[in-house]
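Listing of my_file_12.pdb; format and content: PDB, C-alpha atoms.
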ATOM      1  CA  HIS T  36    -183.227 -95.248 -77.027
ATOM      2  CA  GLN T  37    -184.368 -98.712 -75.938
ATOM      3  CA  ALA T  38    -187.570 -97.210 -74.540
ATOM      4  CA  LYS T  39    -188.338 -95.534 -77.872
ATOM      5  CA  LEU T  40    -187.802 -98.800 -79.694
ATOM      6  CA  GLY T  41    -190.118-100.457 -77.213
ATOM      7  CA  VAL T  42    -192.897 -97.970 -77.920
ATOM      8  CA  MET T  43    -192.468 -98.311 -81.694
ATOM      9  CA  GLY T  44    -192.624-102.071 -81.395
ATOM     10  CA  ALA T  45    -195.787-101.797 -79.314
ATOM     11  CA  VAL T  46    -197.305 -99.462 -81.924
ATOM     12  CA  ALA T  47    -196.679-102.041 -84.639
ATOM     13  CA  MET T  48    -198.636-104.615 -82.641
ATOM     14  CA  LEU T  49    -201.730-102.451 -82.162
ATOM     15  CA  PRO T  50    -204.785-102.947 -84.422
ATOM     16  CA  GLU T  51    -204.265-101.278 -87.791
ATOM     17  CA  GLU T  52    -207.165 -98.878 -87.424
ATOM     18  CA  ARG T  53    -205.745 -97.582 -84.139
ATOM     19  CA  ARG T  54    -202.232 -96.913 -85.472
ATOM     20  CA  GLU T  55    -203.212 -95.798 -88.975
ATOM     21  CA  ALA T  56    -203.166 -92.026 -88.345
ATOM     22  CA  PHE T  57    -199.839 -92.180 -86.511
ATOM     23  CA  GLU T  58    -198.174 -94.360 -89.154
ATOM     24  CA  PHE T  59    -199.400 -92.130 -91.976
ATOM     25  CA  ALA T  60    -198.048 -89.049 -90.183
ATOM     26  CA  MET T  61    -194.700 -90.810 -89.758
ATOM     27  CA  LYS T  62    -194.528 -91.623 -93.462
ATOM     28  CA  SER T  63    -195.655 -88.111 -94.432
ATOM     29  CA  ASP T  64    -193.363 -86.074 -92.190
ATOM     30  CA  ALA T  65    -191.539 -87.965 -89.449
ATOM     31  CA  LYS T  66    -189.799 -84.786 -88.300
ATOM     32  CA  VAL T  67    -193.110 -83.142 -87.395
ATOM     33  CA  VAL T  68    -194.098 -86.243 -85.431
ATOM     34  CA  GLU T  69    -190.780 -86.101 -83.594
ATOM     35  CA  ILE T  70    -191.097 -82.371 -82.856
ATOM     36  CA  GLU T  71    -194.754 -82.189 -81.905
ATOM     37  CA  SER T  72    -195.318 -85.554 -80.213
ATOM     38  CA  PRO T  73    -191.974 -86.750 -78.828
ATOM     39  CA  ILE T  74    -192.143 -90.301 -77.543
ATOM     40  CA  GLU T  75    -190.488 -89.192 -74.309
ATOM     41  CA  ARG T  76    -193.584 -87.128 -73.464
ATOM     42  CA  PHE T  77    -195.862 -90.143 -73.687
ATOM     43  CA  LEU T  78    -193.403 -92.386 -71.872
ATOM     44  CA  LEU T  79    -193.286 -89.917 -68.992
ATOM     45  CA  LEU T  80    -197.055 -89.589 -69.021
ATOM     46  CA  CYS T  81    -197.466 -93.386 -68.922
ATOM     47  CA  HIS T  82    -194.674 -94.038 -66.405
ATOM     48  CA  TYR T  83    -192.568 -95.756 -69.089
ATOM     49  CA  ASN T  84    -195.190 -98.382 -69.872
ATOM     50  CA  TYR T  85    -194.524 -99.141 -73.569
ATOM     51  CA  TRP T  86    -198.023-100.383 -74.296
ATOM     52  CA  LEU T  87    -199.842 -97.452 -72.733
ATOM     53  CA  ALA T  88    -197.485 -94.952 -74.364
ATOM     54  CA  ALA T  89    -198.060 -96.576 -77.759
ATOM     55  CA  GLU T  90    -201.829 -96.395 -77.316
ATOM     56  CA  ARG T  91    -201.746 -92.778 -76.153
ATOM     57  CA  ILE T  92    -199.548 -91.507 -78.996
ATOM     58  CA  CYS T  93    -201.675 -93.325 -81.586
ATOM     59  CA  ASP T  94    -204.884 -91.994 -80.040
ATOM     60  CA  TYR T  95    -203.442 -88.478 -80.085
ATOM     61  CA  TRP T  96    -202.750 -88.669 -83.821
ATOM     62  CA  SER T  97    -206.163 -90.190 -84.521
ATOM     63  CA  LEU T  98    -207.826 -87.318 -82.693
ATOM     64  CA  ARG T  99    -205.584 -84.811 -84.473
ATOM     65  CA  ARG T 100    -206.638 -86.242 -87.836
ATOM     66  CA  ASP T 101    -210.308 -86.077 -86.857
ATOM     67  CA  VAL T 102    -210.074 -82.457 -85.702
ATOM     68  CA  LEU T 103    -207.680 -80.958 -88.266
ATOM     69  CA  GLY T 104    -208.701 -83.028 -91.282
ATOM     70  CA  ALA T 105    -207.139 -86.031 -92.997
ATOM     71  CA  GLU T 106    -205.585 -84.010 -95.822
ATOM     72  CA  ASN T 107    -203.130 -81.986 -93.764
ATOM     73  CA  TYR T 108    -203.096 -83.086 -90.112
ATOM     74  CA  TRP T 109    -199.496 -84.342 -90.377
ATOM     75  CA  SER T 110    -198.153 -80.870 -91.284
ATOM     76  CA  PRO T 111    -196.523 -78.550 -88.712
ATOM     77  CA  MET T 112    -199.091 -76.981 -86.393
ATOM     78  CA  LYS T 113    -197.942 -73.387 -86.941
ATOM     79  CA  LEU T 114    -199.524 -69.970 -86.541
ATOM     80  CA  GLY T 115    -196.955 -68.271 -88.760
ATOM     81  CA  VAL T 116    -197.126 -69.506 -92.351
ATOM     82  CA  GLY T 117    -194.785 -67.885 -94.859
ATOM     83  CA  PRO T 118    -194.361 -68.419 -98.629
ATOM     84  CA  ASN T 119    -193.989 -72.102 -99.554
ATOM     85  CA  GLU T 120    -194.815 -73.086 -95.982
ATOM     86  CA  ARG T 121    -197.775 -74.981 -94.692
ATOM     87  CA  SER T 122    -199.663 -75.522 -91.450
ATOM     88  CA  SER T 123    -202.061 -78.214 -90.362
ATOM     89  CA  LEU T 124    -204.277 -75.374 -89.124
ATOM     90  CA  SER T 125    -206.685 -73.781 -91.595
ATOM     91  CA  PRO T 126    -206.542 -69.987 -92.159
ATOM     92  CA  GLN T 127    -209.791 -69.695 -90.198
ATOM     93  CA  ALA T 128    -208.357 -71.684 -87.276
ATOM     94  CA  ILE T 129    -205.214 -69.547 -87.298
ATOM     95  CA  GLU T 130    -207.414 -66.432 -87.170
ATOM     96  CA  VAL T 131    -209.176 -67.803 -84.091
ATOM     97  CA  CYS T 132    -205.823 -68.642 -82.486
ATOM     98  CA  LYS T 133    -204.537 -65.108 -83.088
ATOM     99  CA  SER T 134    -207.759 -63.357 -82.069
ATOM    100  CA  GLY T 135    -206.930 -63.372 -78.370
ATOM    101  CA  ALA T 136    -209.976 -65.412 -77.441
ATOM    102  CA  LEU T 137    -207.509 -68.004 -76.126
ATOM    103  CA  THR T 138    -204.225 -67.302 -74.371
ATOM    104  CA  ILE T 139    -201.922 -69.113 -71.982
ATOM    105  CA  ALA T 140    -200.951 -67.177 -68.857
ATOM    106  CA  ASP T 141    -197.249 -66.541 -68.323
ATOM    107  CA  VAL T 142    -197.246 -68.034 -64.834
ATOM    108  CA  PRO T 143    -199.010 -71.111 -63.399
ATOM    109  CA  ASP T 144    -201.579 -70.925 -60.639
ATOM    110  CA  ARG T 145    -200.748 -71.382 -56.976
ATOM    111  CA  PHE T 146    -200.812 -75.158 -57.433
ATOM    112  CA  ASN T 147    -198.283 -75.082 -60.309
ATOM    113  CA  ARG T 148    -200.842 -75.757 -63.021
ATOM    114  CA  PRO T 149    -200.672 -73.879 -66.345
ATOM    115  CA  VAL T 150    -203.658 -71.596 -66.917
ATOM    116  CA  LEU T 151    -205.519 -71.370 -70.230
ATOM    117  CA  VAL T 152    -207.508 -68.132 -70.442
ATOM    118  CA  TYR T 153    -210.595 -67.964 -72.669
ATOM    119  CA  ASP T 154    -211.559 -64.290 -73.092
ATOM    120  CA  ARG T 155    -214.931 -64.220 -74.843
ATOM    121  CA  GLN T 156    -214.603 -60.473 -75.413
ATOM    122  CA  ASN T 157    -211.964 -61.167 -78.081
ATOM    123  CA  GLN T 158    -214.158 -63.377 -80.237
ATOM    124  CA  THR T 159    -214.066 -62.682 -83.958
ATOM    125  CA  SER T 160    -216.333 -63.808 -86.782
ATOM    126  CA  ALA T 161    -214.008 -66.774 -87.335
ATOM    127  CA  VAL T 162    -214.956 -68.052 -83.874
ATOM    128  CA  SER T 163    -218.455 -68.662 -85.204
ATOM    129  CA  ASP T 164    -217.032 -71.368 -87.483
ATOM    130  CA  PRO T 165    -217.378 -74.521 -85.345
ATOM    131  CA  GLU T 166    -214.599 -76.395 -87.162
ATOM    132  CA  ALA T 167    -212.166 -73.476 -86.847
ATOM    133  CA  ARG T 168    -213.054 -73.055 -83.185
ATOM    134  CA  LYS T 169    -212.493 -76.734 -82.475
ATOM    135  CA  ALA T 170    -209.147 -76.725 -84.305
ATOM    136  CA  ALA T 171    -208.036 -73.658 -82.327
ATOM    137  CA  LEU T 172    -209.009 -75.365 -79.073
ATOM    138  CA  PHE T 173    -207.018 -78.418 -80.118
ATOM    139  CA  TYR T 174    -204.008 -76.194 -80.852
ATOM    140  CA  TYR T 175    -204.043 -74.581 -77.427
ATOM    141  CA  PHE T 176    -204.637 -77.880 -75.642
ATOM    142  CA  HIS T 177    -201.628 -79.218 -77.544
ATOM    143  CA  VAL T 178    -199.482 -76.230 -76.549
ATOM    144  CA  VAL T 179    -200.399 -76.767 -72.900
ATOM    145  CA  SER T 180    -199.452 -80.449 -73.221
ATOM    146  CA  GLU T 181    -195.907 -79.389 -74.127
ATOM    147  CA  MET T 182    -195.445 -77.941 -70.638
ATOM    148  CA  ASP T 183    -193.788 -80.118 -68.021
ATOM    149  CA  LEU T 184    -196.009 -78.724 -65.267
ATOM    150  CA  ALA T 185    -199.108 -79.786 -67.198
ATOM    151  CA  LEU T 186    -197.776 -83.332 -67.473
ATOM    152  CA  LEU T 187    -197.288 -83.381 -63.703
ATOM    153  CA  HIS T 188    -200.400 -81.550 -62.497
ATOM    154  CA  GLY T 189    -202.750 -81.034 -65.443
ATOM    155  CA  TYR T 190    -203.962 -77.538 -66.295
ATOM    156  CA  VAL T 191    -206.909 -75.255 -65.521
ATOM    157  CA  THR T 192    -209.080 -72.965 -67.635
ATOM    158  CA  VAL T 193    -210.456 -69.520 -66.783
ATOM    159  CA  ILE T 194    -213.357 -68.241 -68.906
ATOM    160  CA  THR T 195    -214.202 -64.526 -68.799
ATOM    161  CA  PRO T 196    -217.408 -63.092 -70.297
ATOM    162  CA  GLU T 197    -218.121 -60.581 -73.035
ATOM    163  CA  GLN T 198    -217.965 -57.010 -71.762
ATOM    164  CA  THR T 199    -219.783 -55.300 -74.615
ATOM    165  CA  GLN T 200    -222.562 -56.297 -76.968
ATOM    166  CA  SER T 201    -221.079 -58.230 -79.879
ATOM    167  CA  SER T 202    -222.486 -59.375 -83.200
ATOM    168  CA  VAL T 203    -220.425 -62.540 -82.862
ATOM    169  CA  SER T 204    -222.521 -65.206 -81.223
ATOM    170  CA  PHE T 205    -222.443 -68.966 -81.077
ATOM    171  CA  LYS T 206    -223.726 -71.755 -78.923
ATOM    172  CA  PRO T 207    -221.221 -73.875 -76.998
ATOM    173  CA  LYS T 208    -220.862 -77.327 -78.539
ATOM    174  CA  SER T 209    -220.707 -80.570 -76.610
ATOM    175  CA  SER T 210    -217.941 -81.812 -78.938
ATOM    176  CA  ASN T 211    -215.677 -79.004 -77.718
ATOM    177  CA  PHE T 212    -216.294 -79.941 -74.101
ATOM    178  CA  SER T 213    -215.509 -83.571 -74.900
ATOM    179  CA  LEU T 214    -212.296 -82.444 -76.610
ATOM    180  CA  LEU T 215    -211.402 -80.616 -73.409
ATOM    181  CA  THR T 216    -211.507 -83.846 -71.421
ATOM    182  CA  SER T 217    -210.480 -86.322 -74.128
ATOM    183  CA  LYS T 218    -208.093 -89.011 -72.948
ATOM    184  CA  ALA T 219    -206.400 -88.793 -76.343
ATOM    185  CA  MET T 220    -204.863 -85.463 -75.323
ATOM    186  CA  PRO T 221    -201.575 -85.908 -73.442
ATOM    187  CA  VAL T 222    -202.741 -83.788 -70.486
ATOM    188  CA  GLN T 223    -206.086 -83.201 -68.816
ATOM    189  CA  CYS T 224    -207.954 -80.076 -67.767
ATOM    190  CA  ARG T 225    -208.518 -80.360 -64.017
ATOM    191  CA  GLU T 226    -210.800 -77.387 -63.459
ATOM    192  CA  ILE T 227    -212.810 -74.832 -65.428
ATOM    193  CA  HIS T 228    -213.504 -71.506 -63.697
ATOM    194  CA  MET T 229    -216.282 -69.559 -65.417
ATOM    195  CA  ILE T 230    -217.012 -65.907 -64.590
ATOM    196  CA  SER T 231    -220.426 -64.418 -65.308
ATOM    197  CA  PRO T 232    -221.591 -60.831 -64.668
ATOM    198  CA  GLN T 233    -225.155 -62.150 -64.469
ATOM    199  CA  LYS T 234    -226.477 -64.877 -62.250
ATOM    200  CA  MET T 235    -227.202 -67.072 -65.256
ATOM    201  CA  SER T 236    -226.490 -65.726 -68.717
ATOM    202  CA  SER T 237    -227.734 -67.699 -71.724
ATOM    203  CA  TRP T 238    -224.206 -68.802 -72.681
ATOM    204  CA  VAL T 239    -223.497 -69.989 -69.142
ATOM    205  CA  GLN T 240    -226.858 -71.780 -69.017
ATOM    206  CA  GLN T 241    -226.115 -73.593 -72.290
ATOM    207  CA  SER T 242    -222.623 -74.520 -71.089
ATOM    208  CA  LEU T 243    -224.022 -75.869 -67.832
ATOM    209  CA  ASN T 244    -226.611 -77.968 -69.664
ATOM    210  CA  ILE T 245    -223.897 -79.512 -71.850
ATOM    211  CA  TRP T 246    -221.797 -80.183 -68.768
ATOM    212  CA  LEU T 247    -224.656 -81.930 -66.983
ATOM    213  CA  GLN T 248    -225.274 -84.079 -70.058
ATOM    214  CA  GLY T 249    -221.607 -85.035 -70.016
ATOM    215  CA  LEU T 250    -221.798 -85.960 -66.351
ATOM    216  CA  LYS T 251    -224.643 -88.326 -67.124
ATOM    217  CA  LYS T 252    -222.385 -90.080 -69.624
ATOM    218  CA  MET T 253    -219.544 -90.190 -67.071
ATOM    219  CA  ASP T 254    -217.299 -88.284 -69.492
ATOM    220  CA  LEU T 255    -216.492 -85.194 -67.455
ATOM    221  CA  LEU T 256    -216.234 -86.383 -63.857
ATOM    222  CA  LYS T 257    -212.491 -85.714 -63.652
ATOM    223  CA  THR T 258    -212.871 -82.033 -64.525
ATOM    224  CA  GLN T 259    -214.498 -79.696 -62.024
ATOM    225  CA  LEU T 260    -216.663 -76.835 -63.253
ATOM    226  CA  LYS T 261    -216.827 -73.766 -60.993
ATOM    227  CA  MET T 262    -218.972 -70.702 -61.699
ATOM    228  CA  TYR T 263    -218.689 -67.238 -60.187
ATOM    229  CA  PHE T 264    -221.252 -64.445 -60.253
ATOM    230  CA  ILE T 265    -219.081 -61.297 -60.311
ATOM    231  CA  PRO T 266    -221.030 -58.203 -61.449
ATOM    232  CA  LYS T 267    -218.045 -55.861 -60.938
ATOM    233  CA  ASN T 268    -214.813 -56.628 -62.830
ATOM    234  CA  GLU T 269    -212.648 -55.080 -60.134
ATOM    235  CA  ASP T 270    -213.829 -57.752 -57.710
ATOM    236  CA  ALA T 271    -212.678 -60.651 -59.908
ATOM    237  CA  ILE T 272    -209.077 -60.861 -58.657
ATOM    238  CA  GLY T 273    -210.213 -60.953 -55.013
ATOM    239  CA  LYS T 274    -212.906 -63.541 -55.731
ATOM    240  CA  LEU T 275    -210.523 -65.887 -57.557
ATOM    241  CA  LYS T 276    -207.620 -65.460 -55.135
ATOM    242  CA  ASP T 277    -208.899 -68.193 -52.829
ATOM    243  CA  HIS T 278    -208.850 -70.614 -55.764
ATOM    244  CA  GLY T 279    -205.172 -70.154 -56.570
ATOM    245  CA  PHE T 280    -205.407 -67.320 -59.105
ATOM    246  CA  SER T 281    -204.034 -63.788 -59.236
ATOM    247  CA  LYS T 282    -203.932 -60.839 -61.624
ATOM    248  CA  HIS T 283    -201.559 -62.905 -63.778
ATOM    249  CA  HIS T 284    -204.495 -65.113 -64.795
ATOM    250  CA  LEU T 285    -206.991 -62.475 -65.922
ATOM    251  CA  PRO T 286    -207.093 -60.338 -69.098
ATOM    252  CA  GLN T 287    -205.352 -56.989 -68.990
ATOM    253  CA  LYS T 288    -208.342 -55.165 -70.408
ATOM    254  CA  TYR T 289    -211.374 -54.746 -68.135
ATOM    255  CA  TYR T 290    -209.903 -56.799 -65.254
ATOM    256  CA  GLY T 291    -206.579 -55.100 -64.559
ATOM    257  CA  GLY T 292    -204.784 -58.405 -65.053
ATOM    258  CA  THR T 293    -201.522 -59.060 -66.872
ATOM    259  CA  VAL T 294    -202.689 -61.536 -69.538
ATOM    260  CA  ASN T 295    -201.880 -59.926 -72.889
ATOM    261  CA  TYR T 296    -202.556 -62.143 -75.891
ATOM    262  CA  LEU T 297    -200.575 -59.942 -78.290
ATOM    263  CA  THR T 298    -197.417 -60.504 -76.255
ATOM    264  CA  TRP T 299    -198.049 -64.247 -76.126
ATOM    265  CA  ILE T 300    -198.663 -64.511 -79.880
ATOM    266  CA  LYS T 301    -195.512 -62.532 -80.656
ATOM    267  CA  ARG T 302    -193.387 -64.826 -78.492
ATOM    268  CA  ARG T 303    -195.002 -67.912 -79.974
ATOM    269  CA  LEU T 304    -194.293 -66.817 -83.542
ATOM    270  CA  GLU T 305    -190.642 -66.152 -82.696
ATOM    271  CA  TRP T 306    -190.389 -69.538 -81.011
ATOM    272  CA  GLU T 307    -191.872 -71.235 -84.094
ATOM    273  CA  LYS T 308    -189.081 -69.811 -86.246
ATOM    274  CA  THR T 309    -186.498 -71.476 -84.012
ATOM    275  CA  ARG T 310    -188.427 -74.707 -83.638
ATOM    276  CA  TYR T 311    -188.982 -75.351 -87.329
ATOM    277  CA  ARG T 312    -185.854 -73.676 -88.714
ATOM    278  CA  ALA T 313    -184.169 -76.957 -89.641
ATOM    279  CA  HIS T 314    -187.389 -78.592 -90.789
ATOM    280  CA  ALA T 315    -187.524 -79.208 -94.541
ATOM    281  CA  VAL T 316    -190.802 -79.771 -96.361
ATOM    282  CA  PRO T 317    -190.962 -83.270 -97.875
ATOM    283  CA  GLU T 318    -190.773 -83.066-101.657
ATOM    284  CA  ILE T 319    -192.827 -86.193-102.339
ATOM    285  CA  SER T 320    -196.535 -86.418-101.853
ATOM    286  CA  PRO T 321    -197.491 -88.229 -98.636
ATOM    287  CA  ARG T 322    -200.064 -90.127-100.666
ATOM    288  CA  GLN T 323    -197.308 -91.748-102.737
ATOM    289  CA  GLU T 324    -195.640 -94.948-101.692
ATOM    290  CA  ASP T 325    -192.326 -94.119-100.020
ATOM    291  CA  THR T 326    -190.126 -97.181-100.303
ATOM    292  CA  SER T 327    -187.272 -95.420 -98.527
ATOM    293  CA  MET T 328    -189.181 -95.413 -95.229
ATOM    294  CA  ILE T 329    -188.406 -98.192 -92.828
ATOM    295  CA  SER T 330    -191.624 -99.883 -91.782
ATOM    296  CA  LEU T 331    -192.677 -99.470 -88.193
ATOM    297  CA  ASP T 332    -192.659-103.225 -87.772
ATOM    298  CA  SER T 333    -188.895-103.335 -88.412
ATOM    299  CA  ARG T 334    -187.978-100.538 -86.040
ATOM    300  CA  ALA T 335    -188.032-102.605 -82.902
ATOM    301  CA  ASP T 336    -186.917-106.003 -81.804
ATOM    302  CA  HIS T 337    -190.251-107.621 -81.027
ATOM    303  CA  SER T 338    -188.706-110.432 -79.076
ATOM    304  CA  SER T 339    -186.911-108.070 -76.717
ATOM    305  CA  LEU T 340    -190.086-105.996 -76.441
ATOM    306  CA  GLU T 341    -192.161-109.011 -75.524
ATOM    307  CA  ALA T 342    -189.571-110.051 -72.948
ATOM    308  CA  SER T 343    -189.482-106.539 -71.476
ATOM    309  CA  SER T 344    -193.260-106.259 -71.457
ATOM    310  CA  THR T 345    -193.723-109.723 -69.967
ATOM    311  CA  SER T 346    -191.243-108.911 -67.212
ATOM    312  CA  SER T 347    -193.037-105.625 -66.516
ATOM    313  CA  ALA T 348    -196.422-107.320 -66.625
ATOM    314  CA  HIS T 349    -195.329-110.068 -64.222
ATOM    315  CA  SER T 350    -194.095-107.481 -61.777
ATOM    316  CA  GLU T 351    -197.578-105.930 -61.823
ATOM    317  CA  GLY T 352    -199.387-109.253 -61.937
ATOM    318  CA  LYS T 353    -200.676-108.653 -65.484
ATOM    319  CA  SER T 354    -200.126-110.187 -68.877
ATOM    320  CA  PRO T 355    -198.917-108.126 -71.858
ATOM    321  CA  GLN T 356    -202.409-108.525 -73.299
ATOM    322  CA  GLU T 357    -203.890-106.930 -70.175
ATOM    323  CA  HIS T 358    -201.526-104.009 -70.624
ATOM    324  CA  ARG T 359    -202.964-103.520 -74.064
TER     325      ARG T 359
END
Could you quickly redo this structure as structure tokens?
Amino acid sequence: HQAKLGVMGAVAMLPEERREAFEFAMKSDAKVVEIESPIERFLLLCHYNYWLAAERICDYWSLRRDVLGAENYWSPMKLGVGPNERSSLSPQAIEVCKSGALTIADVPDRFNRPVLVYDRQNQTSAVSDPEARKAALFYYFHVVSEMDLALLHGYVTVITPEQTQSSVSFKPKSSNFSLLTSKAMPVQCREIHMISPQKMSSWVQQSLNIWLQGLKKMDLLKTQLKMYFIPKNEDAIGKLKDHGFSKHHLPQKYYGGTVNYLTWIKRRLEWEKTRYRAHAVPEISPRQEDTSMISLDSRADHSSLEASSTSSAHSEGKSPQEHR
């Protein structure tokens, strides 16, 4: 409890523009903030450094607002939306999420890292919408960040190619690659493994060009990109085995793997019902002044926070300002 108060006190001392998205989400629907970005997650990620945890949680909500839109980013991030329910995801983004283009494998890789599978064969017309695609990516990155193993080891991504000619086509966007490695996300992608049936397809070539541009800006150095030329699908499992993968990390169709997006979606929808069962929709508009909310500034004892931070800073040879 004291650690939570410490983080809230540190949030209140950040510049207004940095904490604005987080504070607005708290005033709009504090329960969603508690459910989807528990302070404990950021404390663990930042080794219980109040200042760093405060910065990370505020940066997460700022990025969430930028990606999902200022009007609704504070709503529950749900795939299942019933009558009188809402989601921070647009209908188009939900369609992308449910299309099977993105799935999370049931088991981690050999190094205990969760595996996000991007199956380009399952692209739908909604995937062509860049905003919907980016929101769907954000959703899956968020889901991965809820996994303890991802907090400890990061996660990896496997990208499999289209198997048949499709009318759905889009160019990879640099903003999506930057989202993949954004420090505002609670966890980081450590590796991307890209399979191509051709030595250099146009999509792979475009992705590589974006990656090289990112390297020049020093944005993507912490994420390794590995490409595999595998003309025969049946050889994929053997080729990836040496890199910590198995049949559990490849799509069921075409590759003989066990990744089945329909099963994952079904489980996720059932889990959402349990997760949000006790969550009531606020009756007042978030744009209205809510005088019943306790201001963030009054939620923590600043003096005790300063003392705690100063003690921590001295032990590391830094001032509280340096922590910030």
Which residue of T:Thr195, T:Ile230, T:Lys39, T:Tyr190 approaches T:Leu215 most closely, using all atoms listed in the file:
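Ranked by minimum distance to T:Leu215, first place goes to T:Tyr190.
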Under the rule that all atoms listed in the file are counted, which of T:His284, T:His82, T:Arg99, T:Arg168 is the nearest residue to T:Tyr296?
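Result for the nearest residue to T:Tyr296: T:His284.
Every protein or nucleic acid residue with an atom no more than 7 Å from T:Met229, counting all atoms listed in the file and leaving out same-chain residues fewer than 3 positions away, appears here: Val193, Ile194, Thr195, Lys261, Met262 and Tyr263 of chain T.
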Which residues would end up in the selection if the PyMOL selection byres ((chain T and resi 58) around 10) were applied here, given that I need the answer as a list in words?
Val46, Ala47, Glu51, Arg53, Arg54, Glu55, Ala56, Phe57, Phe59, Ala60, Met61, Lys62, Ser63, Ala65, Val68, Cys93, Trp96, Ser330 and Leu331 of chain T
Expected file: the selected residues, C-alpha atoms, as a PDB file, keeping the file's coordinate frame:
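The resulting out-v3.pdb:
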ATOM      1  CA  VAL T  46    -197.305 -99.462 -81.924  1.00  0.00           C
ATOM      2  CA  ALA T  47    -196.679-102.041 -84.639  1.00  0.00           C
ATOM      3  CA  GLU T  51    -204.265-101.278 -87.791  1.00  0.00           C
ATOM      4  CA  ARG T  53    -205.745 -97.582 -84.139  1.00  0.00           C
ATOM      5  CA  ARG T  54    -202.232 -96.913 -85.472  1.00  0.00           C
ATOM      6  CA  GLU T  55    -203.212 -95.798 -88.975  1.00  0.00           C
ATOM      7  CA  ALA T  56    -203.166 -92.026 -88.345  1.00  0.00           C
ATOM      8  CA  PHE T  57    -199.839 -92.180 -86.511  1.00  0.00           C
ATOM      9  CA  PHE T  59    -199.400 -92.130 -91.976  1.00  0.00           C
ATOM     10  CA  ALA T  60    -198.048 -89.049 -90.183  1.00  0.00           C
ATOM     11  CA  MET T  61    -194.700 -90.810 -89.758  1.00  0.00           C
ATOM     12  CA  LYS T  62    -194.528 -91.623 -93.462  1.00  0.00           C
ATOM     13  CA  SER T  63    -195.655 -88.111 -94.432  1.00  0.00           C
ATOM     14  CA  ALA T  65    -191.539 -87.965 -89.449  1.00  0.00           C
ATOM     15  CA  VAL T  68    -194.098 -86.243 -85.431  1.00  0.00           C
ATOM     16  CA  CYS T  93    -201.675 -93.325 -81.586  1.00  0.00           C
ATOM     17  CA  TRP T  96    -202.750 -88.669 -83.821  1.00  0.00           C
ATOM     18  CA  SER T 330    -191.624 -99.883 -91.782  1.00  0.00           C
ATOM     19  CA  LEU T 331    -192.677 -99.470 -88.193  1.00  0.00           C
TER      20      LEU T 331
END
If you measure from atom CA of T:Cys224 to atom CA of T:Lys308, what distance in Å do you get, rounded to one decimal?
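Interatomic distance, atom CA of T:Cys224 to atom CA of T:Lys308: 28.3 Å.
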Using all atoms listed in the file, determine which residues lie at most 7 Å from T:Ser122, disregarding the query and same-chain residues fewer than 3 positions distant; provide the list as a PyMOL selection string.
chain T and resi 110-113+116
Would you mind listing what lies within 9 Å of T:Arg76 as a PyMOL selection string, with all atoms listed in the file counted and same-chain residues fewer than 5 positions away left out?
chain T and resi 81+88+180-181+183+186+221
Distance atom CA of T:Lys288-atom CA of T:Gly189, one decimal place?
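Pair atom CA of T:Lys288 / atom CA of T:Gly189 returns 26.9 Å.
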Rounded to one decimal place, report the atom CA of T:Trp299-atom CA of T:Lys218 distance in Å.
26.9 Å
Polymer residues at most 9 Å from stretch 301-307 of chain T, all atoms listed in the file, same-chain spacing of 3 or more positions, as a CSV table (one decimal) with C-alpha atoms, in the frame of the given file:
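Written output follows (part21.csv):
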chain,number,residue,atom,x,y,z
T,113,LYS,CA,-197.9,-73.4,-86.9
T,114,LEU,CA,-199.5,-70.0,-86.5
T,115,GLY,CA,-197.0,-68.3,-88.8
T,296,TYR,CA,-202.6,-62.1,-75.9
T,297,LEU,CA,-200.6,-59.9,-78.3
T,298,THR,CA,-197.4,-60.5,-76.3
T,310,ARG,CA,-188.4,-74.7,-83.6
T,311,TYR,CA,-189.0,-75.4,-87.3
T,312,ARG,CA,-185.9,-73.7,-88.7
I need the residue set behind the PyMOL selection byres ((chain T and resi 270-273) around 9) for this file; please write it as a PyMOL selection string.
chain T and resi 230+263+265-269+274-277+280-282+284-285+290-292
